[in-house]
>>> print(open('query31.cif').read())   # mmCIF, C-alpha atoms; chains and numbers go by the auth columns
data_my_file
loop_
_atom_site.group_PDB
_atom_site.id
_atom_site.type_symbol
_atom_site.label_atom_id
_atom_site.label_comp_id
_atom_site.label_asym_id
_atom_site.label_seq_id
_atom_site.Cartn_x
_atom_site.Cartn_y
_atom_site.Cartn_z
_atom_site.B_iso_or_equiv
_atom_site.auth_seq_id
_atom_site.auth_asym_id
ATOM 1 C CA MET A 1 1.314 -74.354 66.531 0.00 251 A
ATOM 2 C CA SER A 2 -2.377 -74.531 65.673 0.00 252 A
ATOM 3 C CA THR A 3 -4.397 -71.435 64.773 0.00 253 A
ATOM 4 C CA ARG A 4 -7.392 -70.833 62.524 0.00 254 A
ATOM 5 C CA PHE A 5 -5.974 -67.599 61.122 0.00 255 A
ATOM 6 C CA LYS A 6 -3.866 -66.983 58.026 0.00 256 A
ATOM 7 C CA ALA A 7 -2.638 -63.477 58.859 0.00 257 A
ATOM 8 C CA VAL A 8 -2.111 -61.173 61.809 0.00 258 A
ATOM 9 C CA ILE A 9 -2.375 -57.419 61.318 0.00 259 A
ATOM 10 C CA PHE A 10 -0.804 -55.268 63.999 0.00 260 A
ATOM 11 C CA ASP A 11 -1.308 -51.647 64.923 0.00 261 A
ATOM 12 C CA LEU A 12 1.937 -49.759 65.518 0.00 262 A
ATOM 13 C CA ASP A 13 1.582 -47.198 68.300 0.00 263 A
ATOM 14 C CA GLY A 14 0.847 -48.860 71.623 0.00 264 A
ATOM 15 C CA VAL A 15 1.281 -52.373 70.229 0.00 265 A
ATOM 16 C CA ILE A 16 4.727 -52.617 68.611 0.00 266 A
ATOM 17 C CA THR A 17 6.208 -49.495 70.188 0.00 267 A
ATOM 18 C CA ASP A 18 4.988 -46.610 72.304 0.00 268 A
ATOM 19 C CA THR A 19 5.222 -43.298 70.520 0.00 269 A
ATOM 20 C CA ALA A 20 2.311 -41.932 72.544 0.00 270 A
ATOM 21 C CA HIS A 21 4.583 -39.715 74.642 0.00 271 A
ATOM 22 C CA TYR A 22 6.184 -38.240 71.522 0.00 272 A
ATOM 23 C CA HIS A 23 2.738 -37.516 70.082 0.00 273 A
ATOM 24 C CA TYR A 24 1.702 -35.959 73.370 0.00 274 A
ATOM 25 C CA LEU A 25 4.709 -33.631 73.432 0.00 275 A
ATOM 26 C CA ALA A 26 4.183 -32.596 69.804 0.00 276 A
ATOM 27 C CA TRP A 27 0.446 -32.010 70.222 0.00 277 A
ATOM 28 C CA LYS A 28 1.006 -30.159 73.496 0.00 278 A
ATOM 29 C CA ARG A 29 3.381 -27.738 71.792 0.00 279 A
ATOM 30 C CA LEU A 30 0.832 -27.115 69.044 0.00 280 A
ATOM 31 C CA ALA A 31 -2.081 -26.721 71.481 0.00 281 A
ATOM 32 C CA ASP A 32 -0.092 -24.206 73.529 0.00 282 A
ATOM 33 C CA SER A 33 0.649 -22.225 70.369 0.00 283 A
ATOM 34 C CA VAL A 34 -3.081 -21.781 69.651 0.00 284 A
ATOM 35 C CA ASP A 35 -4.100 -21.285 73.300 0.00 285 A
ATOM 36 C CA ALA A 36 -6.126 -24.500 73.383 0.00 286 A
ATOM 37 C CA PRO A 37 -6.297 -26.321 76.736 0.00 287 A
ATOM 38 C CA PHE A 38 -4.472 -29.636 76.497 0.00 288 A
ATOM 39 C CA ASP A 39 -3.528 -32.261 79.069 0.00 289 A
ATOM 40 C CA GLU A 40 -2.901 -36.003 79.218 0.00 290 A
ATOM 41 C CA ALA A 41 -6.582 -36.751 79.857 0.00 291 A
ATOM 42 C CA PHE A 42 -7.631 -34.935 76.668 0.00 292 A
ATOM 43 C CA ASN A 43 -4.742 -36.572 74.815 0.00 293 A
ATOM 44 C CA GLU A 44 -6.411 -39.947 75.421 0.00 294 A
ATOM 45 C CA GLN A 45 -9.177 -38.864 73.033 0.00 295 A
ATOM 46 C CA LEU A 46 -6.605 -38.679 70.239 0.00 296 A
ATOM 47 C CA LYS A 47 -5.557 -42.336 70.468 0.00 297 A
ATOM 48 C CA GLY A 48 -6.215 -44.090 67.178 0.00 298 A
ATOM 49 C CA VAL A 49 -7.322 -40.847 65.488 0.00 299 A
ATOM 50 C CA ASP A 50 -5.429 -39.607 62.425 0.00 300 A
ATOM 51 C CA ARG A 51 -3.488 -36.330 62.312 0.00 301 A
ATOM 52 C CA MET A 52 -6.140 -34.049 60.833 0.00 302 A
ATOM 53 C CA GLY A 53 -8.824 -35.579 63.014 0.00 303 A
ATOM 54 C CA SER A 54 -6.702 -34.978 66.110 0.00 304 A
ATOM 55 C CA LEU A 55 -5.980 -31.420 64.994 0.00 305 A
ATOM 56 C CA GLY A 56 -9.698 -30.794 64.580 0.00 306 A
ATOM 57 C CA LEU A 57 -10.388 -31.947 68.136 0.00 307 A
ATOM 58 C CA ILE A 58 -7.709 -29.614 69.481 0.00 308 A
ATOM 59 C CA LEU A 59 -8.735 -26.593 67.418 0.00 309 A
ATOM 60 C CA ALA A 60 -12.332 -27.039 68.529 0.00 310 A
ATOM 61 C CA ARG A 61 -11.063 -25.871 71.936 0.00 311 A
ATOM 62 C CA ALA A 62 -9.089 -22.914 70.558 0.00 312 A
ATOM 63 C CA PRO A 63 -10.431 -19.350 70.932 0.00 313 A
ATOM 64 C CA ARG A 64 -10.767 -18.785 67.165 0.00 314 A
ATOM 65 C CA ALA A 65 -11.487 -20.674 63.953 0.00 315 A
ATOM 66 C CA TYR A 66 -8.758 -21.648 61.491 0.00 316 A
ATOM 67 C CA THR A 67 -8.748 -21.743 57.703 0.00 317 A
ATOM 68 C CA PRO A 68 -7.902 -24.948 55.820 0.00 318 A
ATOM 69 C CA GLU A 69 -4.510 -23.478 54.913 0.00 319 A
ATOM 70 C CA GLU A 70 -3.780 -22.592 58.547 0.00 320 A
ATOM 71 C CA LYS A 71 -4.780 -26.101 59.597 0.00 321 A
ATOM 72 C CA ARG A 72 -2.414 -27.606 57.046 0.00 322 A
ATOM 73 C CA LYS A 73 0.470 -25.499 58.341 0.00 323 A
ATOM 74 C CA LEU A 74 -0.314 -26.421 61.946 0.00 324 A
ATOM 75 C CA ALA A 75 -0.449 -30.118 61.055 0.00 325 A
ATOM 76 C CA ASP A 76 2.888 -29.843 59.250 0.00 326 A
ATOM 77 C CA ALA A 77 4.436 -28.073 62.237 0.00 327 A
ATOM 78 C CA LYS A 78 3.219 -30.776 64.590 0.00 328 A
ATOM 79 C CA ASN A 79 4.571 -33.500 62.331 0.00 329 A
ATOM 80 C CA GLY A 80 7.932 -31.751 62.037 0.00 330 A
ATOM 81 C CA HIS A 81 8.340 -31.704 65.797 0.00 331 A
ATOM 82 C CA TYR A 82 7.182 -35.315 66.064 0.00 332 A
ATOM 83 C CA GLN A 83 9.723 -36.396 63.445 0.00 333 A
ATOM 84 C CA GLU A 84 12.482 -34.724 65.439 0.00 334 A
ATOM 85 C CA LEU A 85 11.430 -36.731 68.482 0.00 335 A
ATOM 86 C CA ILE A 86 11.137 -40.146 66.767 0.00 336 A
ATOM 87 C CA ALA A 87 14.542 -39.674 65.141 0.00 337 A
ATOM 88 C CA THR A 88 15.971 -40.663 68.524 0.00 338 A
ATOM 89 C CA MET A 89 14.215 -44.058 68.558 0.00 339 A
ATOM 90 C CA THR A 90 16.176 -47.329 68.538 0.00 340 A
ATOM 91 C CA PRO A 91 15.309 -51.067 68.615 0.00 341 A
ATOM 92 C CA GLY A 92 15.333 -50.645 72.377 0.00 342 A
ATOM 93 C CA ASP A 93 12.028 -48.808 72.016 0.00 343 A
ATOM 94 C CA LEU A 94 10.170 -51.970 70.995 0.00 344 A
ATOM 95 C CA LEU A 95 7.520 -52.761 73.577 0.00 345 A
ATOM 96 C CA PRO A 96 8.208 -55.874 75.687 0.00 346 A
ATOM 97 C CA GLY A 97 6.810 -58.921 73.924 0.00 347 A
ATOM 98 C CA ALA A 98 6.370 -57.223 70.540 0.00 348 A
ATOM 99 C CA LEU A 99 9.356 -58.794 68.787 0.00 349 A
ATOM 100 C CA ARG A 100 8.561 -62.219 70.220 0.00 350 A
ATOM 101 C CA ALA A 101 4.980 -61.885 68.924 0.00 351 A
ATOM 102 C CA LEU A 102 6.227 -61.085 65.413 0.00 352 A
ATOM 103 C CA GLU A 103 8.616 -64.034 65.519 0.00 353 A
ATOM 104 C CA GLU A 104 5.867 -66.346 66.761 0.00 354 A
ATOM 105 C CA VAL A 105 3.488 -65.350 63.984 0.00 355 A
ATOM 106 C CA ARG A 106 6.202 -65.787 61.350 0.00 356 A
ATOM 107 C CA ALA A 107 7.206 -69.178 62.760 0.00 357 A
ATOM 108 C CA ALA A 108 3.573 -70.311 62.439 0.00 358 A
ATOM 109 C CA GLY A 109 3.702 -69.513 58.715 0.00 359 A
ATOM 110 C CA LEU A 110 1.181 -66.670 58.877 0.00 360 A
ATOM 111 C CA LYS A 111 1.411 -63.440 56.948 0.00 361 A
ATOM 112 C CA ILE A 112 2.125 -60.260 58.915 0.00 362 A
ATOM 113 C CA GLY A 113 0.625 -56.857 58.205 0.00 363 A
ATOM 114 C CA LEU A 114 0.748 -53.434 59.806 0.00 364 A
ATOM 115 C CA ALA A 115 -2.222 -51.042 59.874 0.00 365 A
ATOM 116 C CA SER A 116 -1.248 -47.662 61.279 0.00 366 A
ATOM 117 C CA VAL A 117 -2.852 -44.239 60.925 0.00 367 A
ATOM 118 C CA SER A 118 0.613 -42.739 61.357 0.00 368 A
ATOM 119 C CA ARG A 119 2.159 -41.078 58.311 0.00 369 A
ATOM 120 C CA ASN A 120 5.538 -41.833 59.873 0.00 370 A
ATOM 121 C CA ALA A 121 5.055 -45.595 60.162 0.00 371 A
ATOM 122 C CA PHE A 122 7.899 -46.490 57.786 0.00 372 A
ATOM 123 C CA THR A 123 10.295 -44.160 59.610 0.00 373 A
ATOM 124 C CA VAL A 124 9.397 -45.686 62.971 0.00 374 A
ATOM 125 C CA LEU A 125 9.777 -49.235 61.628 0.00 375 A
ATOM 126 C CA ASP A 126 13.197 -48.352 60.215 0.00 376 A
ATOM 127 C CA ARG A 127 14.295 -46.826 63.526 0.00 377 A
ATOM 128 C CA LEU A 128 13.117 -49.982 65.332 0.00 378 A
ATOM 129 C CA GLY A 129 14.902 -52.203 62.796 0.00 379 A
ATOM 130 C CA ILE A 130 11.837 -54.322 62.027 0.00 380 A
ATOM 131 C CA ARG A 131 10.550 -53.073 58.671 0.00 381 A
ATOM 132 C CA ASP A 132 11.480 -56.339 56.976 0.00 382 A
ATOM 133 C CA ARG A 133 9.362 -58.295 59.463 0.00 383 A
ATOM 134 C CA PHE A 134 6.146 -57.171 57.734 0.00 384 A
ATOM 135 C CA ASP A 135 4.758 -58.518 54.484 0.00 385 A
ATOM 136 C CA ASP A 136 2.772 -55.326 53.992 0.00 386 A
ATOM 137 C CA VAL A 137 2.394 -51.931 55.663 0.00 387 A
ATOM 138 C CA VAL A 138 -0.712 -49.782 55.295 0.00 388 A
ATOM 139 C CA ASP A 139 -0.413 -46.251 56.665 0.00 389 A
ATOM 140 C CA ALA A 140 -2.464 -43.064 56.578 0.00 390 A
ATOM 141 C CA ALA A 141 -1.127 -42.179 53.128 0.00 391 A
ATOM 142 C CA THR A 142 -2.606 -45.387 51.701 0.00 392 A
ATOM 143 C CA VAL A 143 -6.241 -44.954 52.743 0.00 393 A
ATOM 144 C CA VAL A 144 -8.920 -42.276 52.611 0.00 394 A
ATOM 145 C CA ASN A 145 -10.647 -43.015 55.913 0.00 395 A
ATOM 146 C CA GLY A 146 -8.867 -43.381 59.229 0.00 396 A
ATOM 147 C CA LYS A 147 -9.901 -45.534 62.172 0.00 397 A
ATOM 148 C CA PRO A 148 -12.583 -46.356 63.350 0.00 398 A
ATOM 149 C CA ASP A 149 -13.505 -46.821 59.691 0.00 399 A
ATOM 150 C CA PRO A 150 -12.576 -50.410 58.695 0.00 400 A
ATOM 151 C CA GLU A 151 -10.845 -49.326 55.462 0.00 401 A
ATOM 152 C CA ILE A 152 -7.292 -49.578 56.782 0.00 402 A
ATOM 153 C CA PHE A 153 -7.687 -53.179 57.995 0.00 403 A
ATOM 154 C CA LEU A 154 -9.630 -54.208 54.885 0.00 404 A
ATOM 155 C CA THR A 155 -6.847 -52.728 52.758 0.00 405 A
ATOM 156 C CA ALA A 156 -4.192 -54.592 54.738 0.00 406 A
ATOM 157 C CA ALA A 157 -6.079 -57.881 54.296 0.00 407 A
ATOM 158 C CA ALA A 158 -6.452 -57.254 50.569 0.00 408 A
ATOM 159 C CA HIS A 159 -2.745 -56.491 50.194 0.00 409 A
ATOM 160 C CA LEU A 160 -1.902 -59.697 52.049 0.00 410 A
ATOM 161 C CA GLY A 161 -4.337 -61.663 49.893 0.00 411 A
ATOM 162 C CA VAL A 162 -6.194 -63.016 52.918 0.00 412 A
ATOM 163 C CA PRO A 163 -9.984 -62.820 53.501 0.00 413 A
ATOM 164 C CA PRO A 164 -10.849 -60.575 56.485 0.00 414 A
ATOM 165 C CA ALA A 165 -12.485 -63.480 58.307 0.00 415 A
ATOM 166 C CA ASP A 166 -9.107 -65.256 58.298 0.00 416 A
ATOM 167 C CA CYS A 167 -7.294 -62.279 59.848 0.00 417 A
ATOM 168 C CA LEU A 168 -6.556 -61.456 63.469 0.00 418 A
ATOM 169 C CA GLY A 169 -6.084 -57.777 64.305 0.00 419 A
ATOM 170 C CA VAL A 170 -4.174 -56.423 67.288 0.00 420 A
ATOM 171 C CA GLU A 171 -4.965 -52.941 68.631 0.00 421 A
ATOM 172 C CA ASP A 172 -4.620 -50.867 71.790 0.00 422 A
ATOM 173 C CA ALA A 173 -7.209 -48.168 71.003 0.00 423 A
ATOM 174 C CA ALA A 174 -11.010 -48.361 70.994 0.00 424 A
ATOM 175 C CA ALA A 175 -11.111 -46.777 67.522 0.00 425 A
ATOM 176 C CA GLY A 176 -8.720 -49.428 66.251 0.00 426 A
ATOM 177 C CA VAL A 177 -10.708 -52.290 67.758 0.00 427 A
ATOM 178 C CA ALA A 178 -13.855 -50.884 66.133 0.00 428 A
ATOM 179 C CA SER A 179 -11.991 -50.792 62.808 0.00 429 A
ATOM 180 C CA ILE A 180 -10.990 -54.449 63.176 0.00 430 A
ATOM 181 C CA LYS A 181 -14.464 -55.634 64.152 0.00 431 A
ATOM 182 C CA ASP A 182 -16.209 -53.676 61.409 0.00 432 A
ATOM 183 C CA ALA A 183 -13.764 -55.221 58.942 0.00 433 A
ATOM 184 C CA GLY A 184 -15.056 -58.638 59.995 0.00 434 A
ATOM 185 C CA MET A 185 -11.883 -59.741 61.764 0.00 435 A
ATOM 186 C CA PHE A 186 -11.087 -61.252 65.157 0.00 436 A
ATOM 187 C CA ALA A 187 -9.881 -58.475 67.474 0.00 437 A
ATOM 188 C CA VAL A 188 -7.281 -58.734 70.215 0.00 438 A
ATOM 189 C CA GLY A 189 -7.166 -55.644 72.395 0.00 439 A
ATOM 190 C CA VAL A 190 -4.068 -54.649 74.336 0.00 440 A
ATOM 191 C CA GLY A 191 -4.908 -52.693 77.467 0.00 441 A
ATOM 192 C CA ASN A 192 -8.027 -51.944 79.494 0.00 442 A
ATOM 193 C CA PRO A 193 -10.991 -54.326 78.923 0.00 443 A
ATOM 194 C CA GLU A 194 -13.469 -51.577 79.840 0.00 444 A
ATOM 195 C CA VAL A 195 -12.115 -49.352 77.064 0.00 445 A
ATOM 196 C CA LEU A 196 -11.598 -52.169 74.555 0.00 446 A
ATOM 197 C CA TYR A 197 -14.957 -53.819 75.219 0.00 447 A
ATOM 198 C CA ARG A 198 -15.588 -54.627 71.540 0.00 448 A
ATOM 199 C CA ALA A 199 -12.488 -56.810 71.338 0.00 449 A
ATOM 200 C CA ASP A 200 -12.931 -60.582 71.206 0.00 450 A
ATOM 201 C CA ARG A 201 -10.059 -60.957 73.653 0.00 451 A
ATOM 202 C CA VAL A 202 -8.148 -58.418 75.742 0.00 452 A
ATOM 203 C CA ILE A 203 -4.608 -58.901 77.032 0.00 453 A
ATOM 204 C CA PRO A 204 -2.785 -56.586 79.468 0.00 454 A
ATOM 205 C CA SER A 205 0.319 -56.201 77.284 0.00 455 A
ATOM 206 C CA MET A 206 2.070 -57.724 74.297 0.00 456 A
ATOM 207 C CA GLU A 207 4.007 -59.913 76.701 0.00 457 A
ATOM 208 C CA ALA A 208 0.764 -61.864 77.112 0.00 458 A
ATOM 209 C CA PHE A 209 0.247 -62.393 73.362 0.00 459 A
ATOM 210 C CA ARG A 210 0.178 -66.089 72.452 0.00 460 A
ATOM 211 C CA LEU A 211 -0.980 -67.008 68.965 0.00 461 A
ATOM 212 C CA GLU A 212 -2.058 -70.467 70.107 0.00 462 A
ATOM 213 C CA ASP A 213 -4.701 -68.844 72.351 0.00 463 A
ATOM 214 C CA TYR A 214 -6.676 -67.777 69.308 0.00 464 A
#
>>> encode(input="query31.cif", output="structure tokens")
Amino acid sequence: MSTRFKAVIFDLDGVITDTAHYHYLAWKRLADSVDAPFDEAFNEQLKGVDRMGSLGLILARAPRAYTPEEKRKLADAKNGHYQELIATMTPGDLLPGALRALEEVRAAGLKIGLASVSRNAFTVLDRLGIRDRFDDVVDAATVVNGKPDPEIFLTAAAHLGVPPADCLGVEDAAAGVASIKDAGMFAVGVGNPEVLYRADRVIPSMEAFRLEDY
């Protein structure tokens, strides 16, 4: 299989598995507790945004301001509920095409990285049974700046020992695609081309991922 890349760096949520519904349920519970309006349309604004950033967007709609300590407690509460939900995940929660994509990249001799703003990335990978498929995992605890800042993808490339220009990034969120592009990588978007307009190529789902196309 011929490809010009030396590594592929995947996002987790929306690419390898779909934890979006779990995040929605956890954020909805938190938003209700602070009387902030929250629905699935607003939840779309949280895609690719880290925990504290998402909390800030929600609290901006709440009727009162919150102290840093209150924000920390709210974030912890949200994460606790989310962890309860993801504890039920199994390998059956892999998105269609995701495992085949990982196997294809490995068979081509490329390095495989994960760049996720989730602080529960390792737990999710363990539940899915695929942690050993990745040469390196960069999560929110590893970097200072979340997406759309390019730091997380630059860090993943550095850990893999591959120049950014030789990396292909796979993302389903506009913030993630921006992170990939600003890192100087080739971006494959998974989802809506109108939303992921900065991507070099957009595919409808991971079932359509073919390394030889890039």
>>> closest_residue(input="query31.cif", among="A:Ile453, A:Leu307, A:Ala415, A:Leu410", to="Phe436 (chain A)", atoms="all atoms listed in the file")
A:Ala415
>>> atom_distance(input="query31.cif", atom1="CA of Ala449 (chain A)", atom2="CA of His271 (chain A)")
24.4 Å
>>> resolve_selection(input="query31.cif", expression="the PyMOL selection byres ((chain A and resi 376-389) around 7)", output="list in words")
Met339, Thr340, Pro341, Asp343, Leu344, Lys361, Ile362, Gly363, Leu364, Ala365, Ser366, Val367, Ser368, Arg369, Ala371, Phe372, Thr373, Val374, Leu375, Ala390, Ala391, Thr392, Ile402, Ala406, His409 and Leu410 of chain A
>>> resolve_selection(input="query31.cif", expression="the PyMOL selection byres ((chain A and resi 351) around 9)", output="ChimeraX atom specification")
/A:347-350,352-356,456-457,459-461
>>> residues_around(input="query31.cif", residues="Glu290 (chain A)", least_positions_apart="2", cutoff="12 Å", atoms="all atoms listed in the file", output="PyMOL selection string")
chain A and resi 270-271+273-275+277-278+287-288+292-297
>>> resolve_selection(input="query31.cif", expression="the PyMOL selection byres ((chain A and resi 397) around 6)", output="VMD selection string")
chain A and resid 396 398 to 399 425 to 426 429
